[in-house]
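Here is the file input29.txt (compact mmCIF, C-alpha atoms and all ligand atoms).
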```
# COMPACT_ATOMS: atom_id res chain seq x y z
CA MET A 1 0.00 0.00 0.00
CA VAL A 2 1.49 3.35 -0.98
CA GLN A 3 0.78 6.78 0.40
CA ALA A 4 -2.20 8.72 -0.98
CA ILE A 5 -0.87 12.18 -1.82
CA THR A 6 -2.69 14.91 -3.72
CA VAL A 7 -1.19 18.33 -4.43
CA GLY A 8 -3.44 20.58 -6.49
CA THR A 9 -4.78 18.56 -9.42
CA ALA A 10 -2.00 15.94 -9.21
CA THR A 11 -2.64 12.71 -7.31
CA ALA A 12 0.09 10.16 -6.78
CA LYS A 13 -0.36 6.87 -8.59
CA ALA A 14 2.00 4.00 -7.76
CA GLY A 15 4.58 3.31 -10.46
CA THR A 16 3.85 6.51 -12.42
CA ILE A 17 4.67 10.17 -12.78
CA GLN A 18 1.61 12.41 -12.45
CA TYR A 19 1.42 16.02 -13.60
CA GLY A 20 -0.87 18.75 -12.30
CA ARG A 21 -1.39 22.35 -11.30
CA TRP A 22 -1.56 24.00 -7.92
CA ASP A 23 -3.50 27.27 -8.17
CA ALA A 24 -1.44 29.94 -6.44
CA LEU A 25 -2.95 33.37 -7.11
CA SER A 26 -5.17 35.42 -9.40
CA HIS A 27 -3.84 38.10 -11.71
CA PRO A 28 -6.00 41.22 -12.24
CA THR A 29 -6.21 40.25 -15.91
CA GLY A 30 -8.26 37.20 -15.03
CA HIS A 31 -5.37 34.75 -15.37
CA THR A 32 -4.56 32.26 -12.66
CA GLU A 33 -0.95 31.74 -11.68
CA PHE A 34 -0.50 28.05 -11.05
CA LEU A 35 2.57 26.21 -9.87
CA PRO A 36 3.40 23.07 -11.85
CA VAL A 37 3.33 19.91 -9.73
CA VAL A 38 5.02 16.62 -10.62
CA ILE A 39 4.41 13.59 -8.39
CA ALA A 40 6.55 10.52 -8.95
CA GLN A 41 5.65 7.48 -6.89
CA GLY A 42 7.30 4.08 -6.61
CA ARG A 43 5.34 0.86 -6.29
CA LYS A 44 6.39 0.39 -2.66
CA ASP A 45 5.71 2.63 0.30
CA GLY A 46 8.47 4.94 1.50
CA PRO A 47 9.25 8.50 2.52
CA CYS A 48 7.95 11.60 0.75
CA LEU A 49 10.68 13.90 -0.59
CA TRP A 50 9.75 17.43 -1.68
CA LEU A 51 11.92 19.01 -4.33
CA THR A 52 11.36 22.69 -5.05
CA ALA A 53 13.07 25.01 -7.53
CA GLY A 54 12.63 28.19 -9.51
CA ILE A 55 11.83 30.60 -6.67
CA HIS A 56 14.43 33.02 -8.10
CA GLY A 57 13.77 33.78 -11.77
CA PRO A 58 17.38 33.90 -13.05
CA GLU A 59 18.23 30.56 -11.39
CA HIS A 60 17.57 27.89 -13.99
CA GLY A 61 19.79 25.17 -12.50
CA GLY A 62 17.17 23.77 -10.12
CA PRO A 63 14.42 23.21 -12.68
CA THR A 64 17.05 21.58 -14.93
CA VAL A 65 18.00 19.13 -12.18
CA LEU A 66 14.35 18.20 -11.63
CA TYR A 67 13.73 17.63 -15.35
CA ARG A 68 16.82 15.38 -15.53
CA LEU A 69 16.05 13.52 -12.29
CA LEU A 70 12.39 12.63 -12.77
CA THR A 71 12.31 9.76 -15.22
CA GLN A 72 10.20 6.65 -15.60
CA GLU A 73 13.38 4.67 -15.04
CA LEU A 74 13.78 6.27 -11.59
CA VAL A 75 10.14 5.61 -10.72
CA ALA A 76 10.52 1.94 -11.68
CA ARG A 77 13.15 1.39 -8.98
CA MET A 78 12.17 3.85 -6.24
CA GLN A 79 10.16 3.48 -3.06
CA GLY A 80 8.04 6.29 -1.70
CA THR A 81 7.10 9.55 -3.37
CA ILE A 82 8.71 12.64 -4.83
CA VAL A 83 6.62 15.80 -4.98
CA ALA A 84 8.43 18.24 -7.27
CA ILE A 85 7.55 21.87 -7.92
CA PRO A 86 9.94 23.12 -10.62
CA ALA A 87 8.59 26.69 -10.77
CA LEU A 88 7.88 28.28 -7.38
CA ASN A 89 7.98 31.74 -8.94
CA PRO A 90 6.64 31.51 -12.51
CA ALA A 91 6.54 35.31 -13.02
CA GLY A 92 10.21 35.63 -12.07
CA LEU A 93 11.16 32.74 -14.36
CA ARG A 94 9.25 34.30 -17.27
CA THR A 95 11.10 37.60 -16.89
CA MET A 96 14.39 36.16 -15.54
CA SER A 97 14.11 38.39 -12.49
CA ARG A 98 14.68 37.47 -8.86
CA GLU A 99 11.52 39.23 -7.72
CA PRO A 100 8.15 38.60 -9.39
CA TYR A 101 6.58 41.73 -10.89
CA HIS A 102 3.42 41.20 -8.83
CA ALA A 103 5.26 41.03 -5.47
CA ARG A 104 8.34 43.25 -5.41
CA THR A 105 10.29 41.40 -2.79
CA ASP A 106 12.62 38.42 -2.55
CA PRO A 107 10.18 35.49 -2.74
CA ASN A 108 12.55 33.26 -0.80
CA ARG A 109 11.91 35.38 2.30
CA LEU A 110 8.12 34.90 2.34
CA TRP A 111 7.62 31.47 3.93
CA PRO A 112 5.98 31.22 7.37
CA ASP A 113 8.09 32.20 10.38
CA GLY A 114 5.79 30.86 13.09
CA LYS A 115 4.67 34.30 14.26
CA PRO A 116 0.97 35.20 14.39
CA HIS A 117 -0.03 37.65 11.70
CA LYS A 118 -0.96 41.05 13.11
CA ASP A 119 -3.27 43.33 11.11
CA ASP A 120 -1.88 46.82 10.78
CA PRO A 121 -3.88 49.23 8.58
CA ASP A 122 -0.72 51.23 7.89
CA LYS A 123 1.12 48.26 6.48
CA ARG A 124 0.53 46.32 3.35
CA PRO A 125 -1.05 42.96 4.10
CA PRO A 126 0.78 39.86 2.85
CA THR A 127 0.90 39.70 -0.96
CA SER A 128 -1.00 37.04 -2.89
CA LEU A 129 2.30 35.24 -3.30
CA GLU A 130 3.04 35.19 0.42
CA GLN A 131 -0.46 33.84 1.07
CA ALA A 132 0.02 31.23 -1.66
CA TYR A 133 3.27 30.04 -0.09
CA ALA A 134 1.57 29.86 3.33
CA HIS A 135 -1.07 27.50 1.86
CA LEU A 136 1.49 25.44 0.00
CA PHE A 137 3.55 25.24 3.19
CA GLU A 138 0.62 23.61 5.01
CA LYS A 139 0.51 20.93 2.33
CA MET A 140 4.25 20.43 2.43
CA VAL A 141 4.30 20.00 6.21
CA GLU A 142 1.37 17.58 5.97
CA VAL A 143 3.05 15.18 3.55
CA ALA A 144 6.81 15.81 3.33
CA ASP A 145 9.47 13.90 5.23
CA TYR A 146 12.39 15.80 3.63
CA LEU A 147 12.87 18.84 1.42
CA ILE A 148 15.53 20.06 -1.00
CA ASP A 149 15.25 23.57 -2.46
CA TYR A 150 17.48 24.22 -5.49
CA HIS A 151 19.15 27.57 -6.27
CA ASN A 152 22.05 29.16 -8.12
CA ALA A 153 24.67 31.57 -6.80
CA GLN A 154 27.04 33.60 -8.99
CA THR A 155 28.13 32.90 -12.55
CA GLY A 156 30.84 30.26 -12.37
CA SER A 157 30.39 29.69 -8.63
CA LEU A 158 30.84 26.34 -6.87
CA SER A 159 28.12 23.80 -6.42
CA PHE A 160 27.50 23.70 -2.67
CA VAL A 161 24.98 23.12 0.10
CA ILE A 162 23.97 25.92 2.43
CA ARG A 163 23.53 24.37 5.84
CA ASP A 164 20.80 26.20 7.75
CA ARG A 165 21.41 26.78 11.41
CA VAL A 166 18.57 25.32 13.45
CA LEU A 167 16.78 27.67 15.83
CA TYR A 168 14.52 26.60 18.68
CA ARG A 169 12.20 28.44 21.02
CA ALA A 170 13.69 29.05 24.45
CA ASP A 171 10.26 29.13 26.13
CA GLN A 172 8.96 26.93 28.97
CA HIS A 173 9.49 23.89 26.69
CA ALA A 174 13.05 24.88 25.82
CA GLU A 175 14.60 21.50 26.65
CA ALA A 176 12.09 19.56 24.55
CA ASN A 177 12.38 22.10 21.72
CA LYS A 178 16.14 21.83 21.81
CA ALA A 179 15.97 18.03 21.71
CA LYS A 180 13.74 18.19 18.61
CA ALA A 181 16.08 20.70 16.99
CA GLU A 182 19.03 18.37 17.64
CA VAL A 183 17.22 15.57 15.80
CA LEU A 184 16.54 17.90 12.85
CA LEU A 185 20.15 19.04 12.79
CA ALA A 186 21.39 15.42 12.77
CA LYS A 187 19.06 14.50 9.88
CA GLN A 188 20.15 17.60 8.00
CA GLU A 189 23.78 16.53 8.51
CA ASP A 190 22.98 13.05 7.14
CA MET A 191 21.33 14.60 4.06
CA ILE A 192 24.34 16.86 3.50
CA ARG A 193 26.77 13.92 3.72
CA ALA A 194 24.66 11.85 1.34
CA TYR A 195 24.47 14.71 -1.19
CA GLY A 196 28.27 14.88 -1.15
CA HIS A 197 28.94 18.40 -2.48
CA THR A 198 30.86 21.25 -0.78
CA VAL A 199 29.18 22.48 2.43
CA VAL A 200 28.95 26.07 3.67
CA ASN A 201 26.99 27.16 6.75
CA GLU A 202 24.46 29.98 6.69
CA PHE A 203 25.12 33.38 8.23
CA PRO A 204 25.30 33.74 12.05
CA VAL A 205 21.92 33.92 13.79
CA ASP A 206 21.49 37.72 14.03
CA LYS A 207 22.40 38.27 10.38
CA TYR A 208 20.23 35.30 9.44
CA ILE A 209 17.16 36.92 11.02
CA ASP A 210 18.14 40.36 9.78
CA GLU A 211 18.24 39.04 6.20
CA LYS A 212 14.94 37.18 6.77
CA LEU A 213 16.68 33.94 5.85
CA HIS A 214 14.65 32.16 8.53
CA ARG A 215 11.81 32.64 6.00
CA SER A 216 13.58 30.83 3.15
CA THR A 217 11.97 27.65 1.82
CA SER A 218 14.38 25.32 3.60
CA ALA A 219 14.62 27.27 6.88
CA ALA A 220 10.83 27.49 7.21
CA ALA A 221 10.58 23.75 6.50
CA VAL A 222 13.10 23.00 9.26
CA PHE A 223 12.16 25.59 11.92
CA VAL A 224 8.41 25.86 11.52
CA GLY A 225 7.52 22.64 9.71
CA GLY A 226 9.95 20.30 11.48
CA VAL A 227 10.89 18.88 8.04
CA PRO A 228 14.63 18.31 7.54
CA GLY A 229 15.63 20.37 4.53
CA LEU A 230 18.52 21.75 2.52
CA THR A 231 19.20 24.66 0.22
CA VAL A 232 21.54 23.65 -2.57
CA GLU A 233 23.36 26.08 -4.87
CA LEU A 234 24.13 24.96 -8.40
CA GLY A 235 26.67 27.42 -9.78
CA THR A 236 25.70 29.55 -12.77
CA GLY A 237 21.97 30.25 -12.96
CA HIS A 238 21.37 31.66 -16.44
CA MET A 239 23.24 28.84 -18.19
CA PRO A 240 23.26 25.73 -16.02
CA ASP A 241 26.56 23.83 -16.05
CA PRO A 242 25.90 20.24 -17.25
CA ALA A 243 28.54 18.86 -14.85
CA ILE A 244 26.83 20.48 -11.86
CA THR A 245 23.42 19.31 -13.08
CA LEU A 246 24.64 15.69 -13.26
CA ALA A 247 26.38 15.97 -9.86
CA ALA A 248 23.22 17.41 -8.30
CA VAL A 249 21.04 14.67 -9.81
CA ALA A 250 23.49 12.08 -8.43
CA GLY A 251 23.56 13.85 -5.04
CA THR A 252 19.76 13.89 -4.91
CA ARG A 253 19.61 10.17 -5.70
CA ASN A 254 22.16 9.65 -2.89
CA ILE A 255 19.83 11.46 -0.49
CA MET A 256 17.08 9.13 -1.72
CA ARG A 257 19.37 6.15 -0.93
CA TRP A 258 20.04 7.51 2.55
CA ALA A 259 16.27 8.00 3.03
CA GLY A 260 15.48 4.43 1.96
CA MET A 261 13.87 5.45 -1.34
CA LEU A 262 16.48 3.82 -3.61
CA ASP A 263 18.60 0.71 -3.22
CA GLY A 264 22.22 0.28 -4.16
CA GLU A 265 25.54 1.94 -3.53
CA MET A 266 25.97 5.68 -3.21
CA GLU A 267 27.01 7.25 -6.53
CA PRO A 268 30.36 9.05 -6.67
CA ILE A 269 30.06 12.82 -7.06
CA GLU A 270 32.27 13.57 -10.04
CA GLY A 271 33.08 16.35 -12.47
CA ILE A 272 32.85 19.23 -9.97
CA PRO A 273 35.27 20.61 -7.38
CA ILE A 274 34.48 19.64 -3.80
CA VAL A 275 36.25 21.91 -1.35
CA ASP A 276 37.04 21.12 2.27
CA PRO A 277 39.47 23.52 3.94
CA GLY A 278 39.61 21.35 7.06
CA PHE A 279 37.47 23.63 9.23
CA PRO A 280 33.78 24.57 9.24
CA THR A 281 32.90 27.59 7.11
CA ARG A 282 30.03 30.00 6.68
CA ARG A 283 29.18 32.15 3.75
CA CYS A 284 30.20 35.80 3.70
CA SER A 285 30.29 38.50 1.01
CA THR A 286 33.90 39.60 1.40
CA PRO A 287 36.20 41.42 0.84
CA ARG A 288 34.47 44.64 -0.19
CA ALA A 289 35.86 47.40 -2.39
CA GLU A 290 37.16 50.29 -0.27
CA GLN A 291 37.26 52.73 -3.17
CA ALA A 292 35.42 52.98 -6.45
CA GLY A 293 37.37 51.28 -9.21
CA ILE A 294 37.96 48.43 -11.57
CA VAL A 295 38.31 45.02 -9.96
CA LEU A 296 40.35 42.33 -11.71
CA HIS A 297 39.95 39.08 -9.78
CA LEU A 298 43.08 37.09 -8.98
CA VAL A 299 41.32 34.02 -7.57
CA LYS A 300 38.70 31.64 -8.86
CA PRO A 301 35.91 29.59 -7.27
CA GLY A 302 37.31 26.72 -5.24
CA ASP A 303 40.63 28.44 -4.46
CA LEU A 304 41.76 28.23 -0.84
CA VAL A 305 42.61 31.67 0.53
CA ARG A 306 44.49 32.79 3.63
CA GLN A 307 44.01 36.02 5.52
CA GLY A 308 46.15 38.68 3.82
CA ASP A 309 46.31 36.95 0.44
CA PRO A 310 45.68 39.27 -2.52
CA VAL A 311 42.39 38.21 -4.17
CA ALA A 312 41.96 41.01 -6.73
CA GLU A 313 43.72 43.94 -8.33
CA ILE A 314 42.01 47.32 -8.07
CA ARG A 315 42.68 49.96 -10.69
CA ASP A 316 41.23 53.24 -11.93
CA VAL A 317 39.40 53.45 -15.23
CA TRP A 318 42.68 54.22 -17.04
CA GLY A 319 44.13 50.98 -15.70
CA ARG A 320 46.46 52.48 -13.07
CA PRO A 321 46.65 50.87 -9.58
CA VAL A 322 44.44 52.40 -6.88
CA GLY A 323 46.37 52.64 -3.60
CA GLU A 324 48.33 49.42 -3.06
CA GLY A 325 46.66 48.13 -6.21
CA VAL A 326 45.39 44.91 -4.60
CA VAL A 327 42.53 43.84 -2.35
CA ARG A 328 43.41 41.29 0.32
CA SER A 329 41.29 38.68 2.04
CA ALA A 330 40.45 39.46 5.66
CA PHE A 331 39.78 35.77 6.38
CA ASP A 332 40.95 32.21 5.90
CA GLY A 333 38.58 30.20 3.75
CA PHE A 334 37.80 29.53 0.12
CA VAL A 335 36.22 31.27 -2.83
CA ILE A 336 32.61 30.31 -3.61
CA GLY A 337 32.17 32.75 -6.47
CA ARG A 338 33.25 36.09 -7.94
CA SER A 339 30.84 39.02 -7.98
CA HIS A 340 29.68 39.88 -11.48
CA GLY A 341 31.44 42.50 -13.55
CA ILE A 342 34.55 44.60 -12.99
CA TYR A 343 33.12 48.04 -12.03
CA TYR A 344 32.81 48.44 -8.26
CA TYR A 345 31.53 51.12 -5.90
CA PRO A 346 32.84 51.34 -2.33
CA GLY A 347 31.22 48.63 -0.24
CA ASP A 348 30.48 46.31 -3.15
CA PRO A 349 31.51 42.73 -2.31
CA ILE A 350 34.22 41.35 -4.57
CA LEU A 351 33.78 37.68 -3.74
CA GLY A 352 31.34 35.25 -2.22
CA MET A 353 33.56 33.42 0.26
CA ALA A 354 33.30 30.62 2.75
CA ILE A 355 35.12 31.79 5.89
CA ARG A 356 35.91 30.08 9.18
CA ASP A 357 32.72 29.53 11.20
CA ASP A 358 32.90 29.44 14.99
CA GLN A 359 29.17 29.97 15.59
CA PRO A 360 26.90 27.18 16.91
CA LEU A 361 24.67 25.34 14.41
CA LEU A 362 21.97 25.02 17.04
CA ALA A 363 20.78 28.16 18.81
CA PRO A 364 17.71 29.59 20.54
CA TYR A 365 15.69 32.23 18.68
CA PRO A 366 16.72 35.73 19.81
CA ALA A 367 14.90 36.59 23.05
CA ASP A 368 12.54 39.15 21.50
CA PHE A 369 11.75 37.17 18.33
CA PHE A 370 8.23 36.07 19.26
CA LYS A 371 7.28 39.29 21.13
CA GLU A 372 3.92 40.53 19.85
CA ASP A 373 5.17 43.92 18.68
CA LYS A 374 7.56 42.06 16.37
CA ALA A 375 4.75 40.16 14.65
CA THR A 376 5.18 39.89 10.91
CA SER A 377 3.23 42.22 8.66
CA ALA A 378 5.27 42.02 5.49
ZN ZN B 401 18.16 31.57 -5.20
```

Output the file's structure in the form of structure tokens.
Amino acid sequence: MVQAITVGTATAKAGTIQYGRWDALSHPTGHTEFLPVVIAQGRKDGPCLWLTAGIHGPEHGGPTVLYRLLTQELVARMQGTIVAIPALNPAGLRTMSREPYHARTDPNRLWPDGKPHKDDPDKRPPTSLEQAYAHLFEKMVEVADYLIDYHNAQTGSLSFVIRDRVLYRADQHAEANKAKAEVLLAKQEDMIRAYGHTVVNEFPVDKYIDEKLHRSTSAAAVFVGGVPGLTVELGTGHMPDPAITLAAVAGTRNIMRWAGMLDGEMEPIEGIPIVDPGFPTRRCSTPRAEQAGIVLHLVKPGDLVRQGDPVAEIRDVWGRPVGEGVVRSAFDGFVIGRSHGIYYYPGDPILGMAIRDDQPLLAPYPADFFKEDKATSA
């Protein structure tokens, strides 16, 4: 007996791939924005893995991985169910823009944060998209055992996993909450190991909340939904790298093996650099340009960097050195990706780096997080 799962108009059918639509929101022109739903189900019962992609319009790597992964051949040998949504932000994908034109905000910061909604007549109520994600989230929490959300970082950047920190409420049930969070963190670690790509931790807790990253697809799944989840980054977004696509498909199948959805040996992750500097790292946009100028990068994604190493030349528009003529790394770590272009204003980050991380992976929410006056009213 296999699990009965319906998402929108798609209903799982053992041994098949089913296709359907999940109605998300209405446009003023009378059109309905639906999210495409693909449900692949094996003939034997097993876990339910949610795979989501396309929440950022210029990031075409995730949908590509899903189209390559979901084959009849996979269904014939899998147990359990995959629910895939390859276009979480259809308007952004149509226009290749990060933000959809009908909700001018980063859509990957709109998932539920566990706070009660507070009506405030002076603030805009949640957009149709935020409401749509809230409804979809209910469905996801109802049926999903695990989640992977696929993204892209910079052009030419590494393929890597962003490990979410796991936050728990330090209320009267703090011990029990912490114990649950520890279980989630351990499962997340198992998923990361099975996937087998480079690993970089998310920002420290304060920055995490400040950037609303606790409202990303994977963080909401973990913190609010209790569903172990990962964000994976697949290098270049506007022209997916076939090697990263294959490595991500293999990594996803390895997570399925770990989860008991596929038999057989783990597949080797090949054709992409996998970087391990020997210490835990977190992502950081660094170094930043101190003066306006032309930046000529001296390092490439995957390079190990030590504090003080030159990572870029900086010149004026005539090509003459500005100051010392080089920008140095302030940290030990490695290069995830180079910022796009060569023309930089002061404060612009030159690299996406993974730098040494000494912050805990498990932490209580900040003390004032659930205070009523901090209720969300996006
Ligand atoms: Zn993204």

| task | Give as a ChimeraX atom specification the set of residues within 10 Å of the point (16.0, 9.9, 1.4), where distances use the file's coordinates and only C-alpha atoms. | result | /A:46-49,79-80,82,145-147,190-191,194,252-262

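Note that the spacing between atom CA of A:Gly347 and atom CA of A:Thr198 amounts to 27.4 Å.
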
| message | When you look at A:His151 with a cut-off of 9 Å (counting only C-alpha atoms), what residues show up, excluding the ones that are within fewer than 2 positions of it in the same chain? I need them as a list of chain:residue names. | response | A:Ala53, A:Gly54, A:Ile55, A:His56, A:Glu59, A:His60, A:Gly61, A:Gly62, A:Asp149, A:Ala153, A:Thr231, A:Val232, A:Glu233, A:Leu234, A:Gly235, A:Gly237

Within 9 Å of A:Gly225, counting all atoms listed in the file, which residues qualify if same-chain residues fewer than 5 places away don't, as a PDB file with C-alpha atoms, in the coordinates of the input?
```pdb
ATOM      1  CA  PHE A 137       3.550  25.240   3.190  1.00  0.00           C
ATOM      2  CA  GLU A 138       0.620  23.610   5.010  1.00  0.00           C
ATOM      3  CA  MET A 140       4.250  20.430   2.430  1.00  0.00           C
ATOM      4  CA  VAL A 141       4.300  20.000   6.210  1.00  0.00           C
ATOM      5  CA  GLU A 142       1.370  17.580   5.970  1.00  0.00           C
ATOM      6  CA  ALA A 219      14.620  27.270   6.880  1.00  0.00           C
ATOM      7  CA  ALA A 220      10.830  27.490   7.210  1.00  0.00           C
TER       8      ALA A 220
END
```

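Proximity ranking of A:Pro36, A:Gly92, A:Gly302, A:Pro121 relative to ligand ZN 401 (chain B) places A:Gly92 first, based on only C-alpha atoms and all ligand atoms.
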
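Remark: for ligand ZN 401 (chain B), the closest of the candidate residues A:Gly293, A:Pro268, A:Gly278, A:Pro58 is A:Pro58 (distances computed over all atoms listed in the file).
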
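Ranking A:Lys13, A:Arg109, A:Arg328, A:Arg165 by their shortest atom-to-atom distance to ligand ZN 401 (chain B), with all atoms listed in the file included, puts A:Arg109 first.
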
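Closest to ligand ZN 401 (chain B) among A:Trp50, A:Phe334, A:Phe160, A:Tyr150 is A:Tyr150, based on only C-alpha atoms and all ligand atoms.
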
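Of note, atom CA of A:Gln359 and atom CA of A:Tyr168 are spaced 15.3 Å apart.
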
Give me the box for stretch 135-144 of chain A as AutoDock Vina command-line options, namely the centre and edge lengths in Å to one decimal of a box along x, y and z that holds every listed atom plus 8 Å on each side.
```
--center_x 2.9 --center_y 21.3 --center_z 3.1 --size_x 23.9 --size_y 28.3 --size_z 22.2
```

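What separates atom CA of A:Leu230 from atom CA of A:Arg163 is a distance of 6.6 Å.
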
| Cut-off 8 Å around (30.3, 19.0, -1.2) with all atoms listed in the file: residues as a PyMOL selection string | chain A and resi 159-161+192-193+195-199+274-276

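Take the candidates A:Gly323, A:Pro346, A:Pro86, A:Gly30 and check each one against A:Leu51 using only C-alpha atoms; the shortest distance goes to A:Pro86.
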
Which residues are close to stretch 67-69 of chain A, i.e. within 8 Å by all atoms listed in the file, leaving aside same-chain residues fewer than 4 positions away? Reply as a tab-separated table (two decimals) with C-alpha atoms, in the coordinates of the input.
```tsv
chain	number	residue	atom	x	y	z
A	63	PRO	CA	14.42	23.21	-12.68
A	74	LEU	CA	13.78	6.27	-11.59
A	249	VAL	CA	21.04	14.67	-9.81
```

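Checking A:Met96, A:Ala132, A:Ala292, A:Leu185 one by one against ligand ZN 401 (chain B), counting only C-alpha atoms and all ligand atoms, you find the shortest gap at A:Met96.
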
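Proximity to A:Met353 at 7 Å, evaluated using all atoms listed in the file and with sequence-adjacent residues fewer than 2 positions away removed, yields Arg283, Cys284, Ser285, Thr286, Gly333, Phe334, Val335, Ile336, Gly337, Leu351 and Ile355 of chain A.
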